[in-house]
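Enquirer: Handing you this structure, nothing more for now.
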Amino acid sequence: MTAFNVDLRGINEVYRPYLTDEHRYQLYFGGSSSGKSCFLATRAVLDALSGRNVLVVRKVQRTLHASCWNEVLKAVRRLKAAGLFRVSRSDMSLTVARTGAQILFAGLDDVEKIKSITPQAGALTDIWIEEATECSRDDFKQLDKRLRGPSPFKKRVTLSFNPTWKDHWIFREFFGGWAEAGQAPDPAPGVRVTPGRSYADRRVSILRTTYRDNRFLTEDDRQALEEENSGYYHTVYTLGQWGMRGDAVFTDWRSADLKVEPPPEGLRVFYGLDFGFGHDPCAAVRCLLDKRNRRIYVTGTFCEKGLVVWQLAERLKAFAGRAKVTCDSADPRCIAELRSQGVLAVAARKGPDSLVHGIQWLQGYRIIVDRGCADLIRELSAYCWKEGSPPQPRPGDDHLIDAMRYALESEQRPRKATLRKKSEVIGR
Ligand SMILES: Nc1ncnc2c1ncn2[C@@H]1O[C@H](COP(=O)(O)OP(=O)(O)O)[C@@H](O)[C@H]1O
Ligand SMILES: [Mg+2]
């Protein structure tokens with residue numbers, strides 16, 4: 001591709017085959033710090049040295065300087081190619097002195113520049129859209145059209161980004177084959193695929209990387225990424241997978257070791273219980289409510305099938321002591337029996353929309369679940385909305401989530417405005 005001598009050791013292995021990839025559409029996505037931007041900046045420099053003209057874009061012009069512009073300058077230095085380029089900071093361009101090939105930069109919000117941008121010599125051959133999820137499909141289509149004009153090079157549009165939600169236009173436009181390949185055992189003719197890792201058909205090539213593919217990270221960087229364990233953020237930023245909006249009911253939750261990261265002192269404790277016996281378990285939760293910081297800490301759960309009432313009573317006394325336990329109201333006899341055995345069981349007052357209302361209320365809080373509560377972690381990860389309207393969650397594995405709604409039910413009802421006694425008002 002170029003007479004320029006490249007030391008491949010400076011490029012993460014996973015990206016090396018893509019130095020010369022000629023697909024019209026190329027997508028580099030995945031977790032943060034996986035080396036995408038560094039690689040594409042390096043490739044842009046090598047491409048310019050081989051005669052290509054590269055336009056680097058982001059949605060917002062002012063974000064270019066601190067990101068792509070600096071990455072490209074760093075790549076020039078890493079490649080020891082500074083002597084080969086003329087750098088103009090004022091119009092943000094790098095020009096190969098010998099050939100006039102250029103790397104140009106523009107923000108999509110700088111409409112005039114985007115419209116008029118043309119390289120000094122030859123046609124634009126490459127557009128690299130960094131953080132492409134910021135751009136609309138229309139932005140992309142307009143840019144795609146900019147790759148006109150005769151050129152000895154294959155024209156390419158490269159998108160780099162962290163995935164967002166599966167309803168994003170990029171997923172819909174480019175990931176049909178990728179998603180299919182994850183399910184079908186044999187790829188279609190002309191398709192090369194490593195499920196979850198890479199995909200290529202005639203039109204598009206896709207590479208998914210994570211921080212594990214980046215051997216230039218420090219141990220501290222690695223640890224920080226591994227510790228990021230909230231549901232959505234873990235999926236998208238650490239694992240680099242597309243999230244599922246309109247699907248997962250709870251997205252703002254994470255697991256934590258609450259012995260190491262204890263909740264603040266003095267929070268109120270709530271207990272909730274969902275009844276079950278044969279097919280469904282009895283499920284109980286203990287949670288702490290931090291209203292001020294809008295957090296719920298789940299510090300303990302139990303989830304057991306086949307308990308008869310006296311056994312359940314013993315388990316609850318050990319779990320909750322003499323504290324109030326708010327229970328599924330569908331079974332008043334069970335509640336009465338638990339009370340007769342010394343458990344302060346009370347029925348949740350389920351209103352007509354209590355399920356969705358309770359969920360919406362919980363969604364207003366960040367839920368932090370102790371690592372030991374594996375059953376609840378599983379439930380939260382899998383709890384999804386059903387298709388259609390009105391919105392209803394898919395029933396099934398939701399016993400502890402129900403128990404959590406019951407536990408905090410007293411907090412969900414708008415409090416009736418109570419008239420304070422005159423003496424109280426005066427006394428304040
Ligand atoms: N080829 C490389 N040479 C040196 N450092 C690299 C290289 N690739 C990645 N890095 C380091 O890893 C960090 C994260 O890489 P980056 O390309 O910004 O990841 P991403 O764009 O996937 O989030 C960079 O800031 C840089 O320190
Ligand atoms: Mg990046």
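Letters A, B, ... go to the chains of the structure tokens in the order shown; residues in each chain start at 1; ligands are counted from 1 in the same order.
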Taking the DSSP secondary structure from the backbone, can you list the residues of range 123-330 of chain A that are helix (DSSP H, G or I), as a PDB file with C-alpha atoms, in the first residue's frame?

Expert:
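Writing done, so here's result23.pdb:
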ATOM      1  CA  ALA A 132     -20.707   7.846  14.291  1.00  0.00           C
ATOM      2  CA  THR A 133     -23.668   7.180  16.593  1.00  0.00           C
ATOM      3  CA  GLU A 134     -23.795  10.963  17.141  1.00  0.00           C
ATOM      4  CA  ARG A 137     -28.676   8.605   8.939  1.00  0.00           C
ATOM      5  CA  ASP A 138     -29.150  11.679   6.797  1.00  0.00           C
ATOM      6  CA  ASP A 139     -25.717  13.018   7.818  1.00  0.00           C
ATOM      7  CA  PHE A 140     -24.263   9.698   6.771  1.00  0.00           C
ATOM      8  CA  LYS A 141     -26.057   9.666   3.420  1.00  0.00           C
ATOM      9  CA  GLN A 142     -24.857  13.190   2.633  1.00  0.00           C
ATOM     10  CA  LEU A 143     -21.288  12.249   3.453  1.00  0.00           C
ATOM     11  CA  ASP A 144     -21.500   9.063   1.440  1.00  0.00           C
ATOM     12  CA  LYS A 145     -22.425  11.169  -1.601  1.00  0.00           C
ATOM     13  CA  TRP A 169     -30.077   3.570  12.493  1.00  0.00           C
ATOM     14  CA  ILE A 170     -26.545   2.139  12.294  1.00  0.00           C
ATOM     15  CA  PHE A 171     -27.737  -1.162  13.686  1.00  0.00           C
ATOM     16  CA  ARG A 172     -30.662  -1.258  11.301  1.00  0.00           C
ATOM     17  CA  GLU A 173     -28.619  -0.177   8.282  1.00  0.00           C
ATOM     18  CA  PHE A 174     -25.579  -2.414   8.707  1.00  0.00           C
ATOM     19  CA  GLY A 176     -28.685  -7.351   9.612  1.00  0.00           C
ATOM     20  CA  GLY A 177     -26.076  -9.826   8.402  1.00  0.00           C
ATOM     21  CA  TRP A 178     -24.107  -9.622  11.621  1.00  0.00           C
ATOM     22  CA  ALA A 179     -27.192 -10.400  13.724  1.00  0.00           C
ATOM     23  CA  GLU A 180     -28.190 -13.258  11.439  1.00  0.00           C
ATOM     24  CA  ALA A 181     -24.697 -14.715  11.473  1.00  0.00           C
ATOM     25  CA  GLY A 182     -24.912 -14.935  15.256  1.00  0.00           C
ATOM     26  CA  GLN A 183     -27.785 -17.389  14.856  1.00  0.00           C
ATOM     27  CA  TYR A 211     -10.347  -3.244  25.869  1.00  0.00           C
ATOM     28  CA  ARG A 212      -8.958  -6.763  25.930  1.00  0.00           C
ATOM     29  CA  ASP A 213      -7.779  -6.256  22.360  1.00  0.00           C
ATOM     30  CA  GLU A 219      -3.327  -2.194  34.383  1.00  0.00           C
ATOM     31  CA  ASP A 220      -5.232   0.696  36.018  1.00  0.00           C
ATOM     32  CA  ASP A 221      -7.200   1.372  32.823  1.00  0.00           C
ATOM     33  CA  ARG A 222      -8.079  -2.286  32.586  1.00  0.00           C
ATOM     34  CA  GLN A 223      -9.302  -2.476  36.161  1.00  0.00           C
ATOM     35  CA  ALA A 224     -11.439   0.621  35.829  1.00  0.00           C
ATOM     36  CA  LEU A 225     -13.173  -0.936  32.823  1.00  0.00           C
ATOM     37  CA  GLU A 226     -13.713  -4.244  34.544  1.00  0.00           C
ATOM     38  CA  GLU A 227     -15.232  -2.576  37.572  1.00  0.00           C
ATOM     39  CA  GLY A 231     -26.258  -3.196  33.394  1.00  0.00           C
ATOM     40  CA  TYR A 232     -26.358  -0.888  30.389  1.00  0.00           C
ATOM     41  CA  TYR A 233     -22.915   0.636  30.828  1.00  0.00           C
ATOM     42  CA  HIS A 234     -21.301  -2.727  31.290  1.00  0.00           C
ATOM     43  CA  THR A 235     -22.966  -4.025  28.141  1.00  0.00           C
ATOM     44  CA  VAL A 236     -22.144  -1.057  25.997  1.00  0.00           C
ATOM     45  CA  TYR A 237     -18.867   0.359  27.268  1.00  0.00           C
ATOM     46  CA  THR A 238     -17.075  -2.634  28.693  1.00  0.00           C
ATOM     47  CA  VAL A 309     -46.107 -21.687  56.037  1.00  0.00           C
ATOM     48  CA  TRP A 310     -44.358 -22.551  59.296  1.00  0.00           C
ATOM     49  CA  GLN A 311     -41.071 -23.037  57.399  1.00  0.00           C
ATOM     50  CA  LEU A 312     -41.555 -19.731  55.628  1.00  0.00           C
ATOM     51  CA  ALA A 313     -42.300 -18.073  58.985  1.00  0.00           C
ATOM     52  CA  GLU A 314     -39.039 -19.415  60.444  1.00  0.00           C
ATOM     53  CA  ARG A 315     -37.070 -18.226  57.408  1.00  0.00           C
ATOM     54  CA  LEU A 316     -38.682 -14.783  57.577  1.00  0.00           C
ATOM     55  CA  LYS A 317     -38.028 -14.369  61.282  1.00  0.00           C
ATOM     56  CA  ALA A 318     -34.377 -15.126  60.680  1.00  0.00           C
ATOM     57  CA  PHE A 319     -34.324 -12.801  57.674  1.00  0.00           C
ATOM     58  CA  ALA A 320     -36.377  -9.836  58.902  1.00  0.00           C
TER      59      ALA A 320
END

Enquirer: Which residues in range 137-207 of chain A does DSSP call strand (DSSP E or B)? List them as an mmCIF file with C-alpha atoms, in the first residue's frame.

Expert:
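Final output, saved to result00.cif:
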data_model
loop_
_atom_site.group_PDB
_atom_site.id
_atom_site.type_symbol
_atom_site.label_atom_id
_atom_site.label_comp_id
_atom_site.auth_asym_id
_atom_site.auth_seq_id
_atom_site.Cartn_x
_atom_site.Cartn_y
_atom_site.Cartn_z
ATOM 1 C CA ARG A 156 -14.450 3.940 1.660
ATOM 2 C CA VAL A 157 -16.619 5.247 4.481
ATOM 3 C CA THR A 158 -15.418 4.207 7.914
ATOM 4 C CA LEU A 159 -17.560 4.497 11.030
ATOM 5 C CA SER A 160 -16.184 4.147 14.536
ATOM 6 C CA PHE A 161 -18.329 4.215 17.629
ATOM 7 C CA TRP A 165 -29.285 0.771 21.363
ATOM 8 C CA ARG A 192 -16.914 -14.148 6.182
ATOM 9 C CA VAL A 193 -17.872 -14.187 9.807
ATOM 10 C CA THR A 194 -16.596 -14.869 13.284
ATOM 11 C CA SER A 198 -16.111 -9.781 12.799
ATOM 12 C CA TYR A 199 -18.302 -9.854 9.758
ATOM 13 C CA ALA A 200 -17.801 -9.091 6.085
ATOM 14 C CA VAL A 204 -19.694 -3.956 4.591
ATOM 15 C CA SER A 205 -17.050 -5.124 7.000
ATOM 16 C CA ILE A 206 -17.529 -4.965 10.752
ATOM 17 C CA LEU A 207 -15.033 -5.468 13.546
#

Enquirer: Have a look at A:Ala248, A:Ala283, A:Ala256, A:Met404 and name the one nearest to Phe270 in chain A; count only C-alpha atoms.

Expert: A:Met404

Enquirer: Quick one: which chain A residues come within 6 Å of ligand 1, and what is the nearest atom pair for each with the distance in Å to one decimal, counting only C-alpha atoms and all ligand atoms, rows ordered by chain and ascending number, as a tab-separated table?

Expert:
residue	atom	partner	partner_atom_place_in_ligand_line	distance
A:Gly10	CA	ligand 1	1 (N)	5.0
A:Ile11	CA	ligand 1	1 (N)	4.3
A:Asn12	CA	ligand 1	1 (N)	5.7
A:Ser32	CA	ligand 1	23 (O)	3.9
A:Ser33	CA	ligand 1	23 (O)	3.4
A:Ser34	CA	ligand 1	22 (O)	3.6
A:Gly35	CA	ligand 1	17 (O)	3.2
A:Lys36	CA	ligand 1	22 (O)	3.8
A:Ser37	CA	ligand 1	17 (O)	3.7
A:Cys38	CA	ligand 1	17 (O)	3.7
A:Phe39	CA	ligand 1	1 (N)	5.9
A:Asn214	CA	ligand 1	9 (C)	5.9
A:Phe216	CA	ligand 1	6 (C)	4.8
A:Leu217	CA	ligand 1	12 (O)	5.1

Enquirer: For Leu400 in chain A, find every residue with an atom within 9 Å (counting only C-alpha atoms), except residues of its own chain fewer than 4 positions away, and show them as a PyMOL selection string.

Expert: chain A and resi 272-274+282-285+301-303+375-376+379+404-405

Enquirer: Hey, which of A:Gln120, A:Ser67, A:Ser151, A:Ser381 ends up closest to ligand 2? Count only C-alpha atoms and all ligand atoms.

Expert: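 Smallest distance to ligand 2 is found for A:Ser67.
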
Enquirer: Closest to ligand 2 among A:Phe4, A:Tyr28, A:Phe85, A:Tyr18, using only C-alpha atoms and all ligand atoms?

Expert: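 The shortest atom-to-atom distance to ligand 2 comes from A:Tyr28.
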
Enquirer: In Å, how far is it from CA of Val298 in chain A to CA of Arg378 in chain A?

Expert: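 Atom-to-atom, CA of Val298 in chain A and CA of Arg378 in chain A are spaced 13.6 Å apart.
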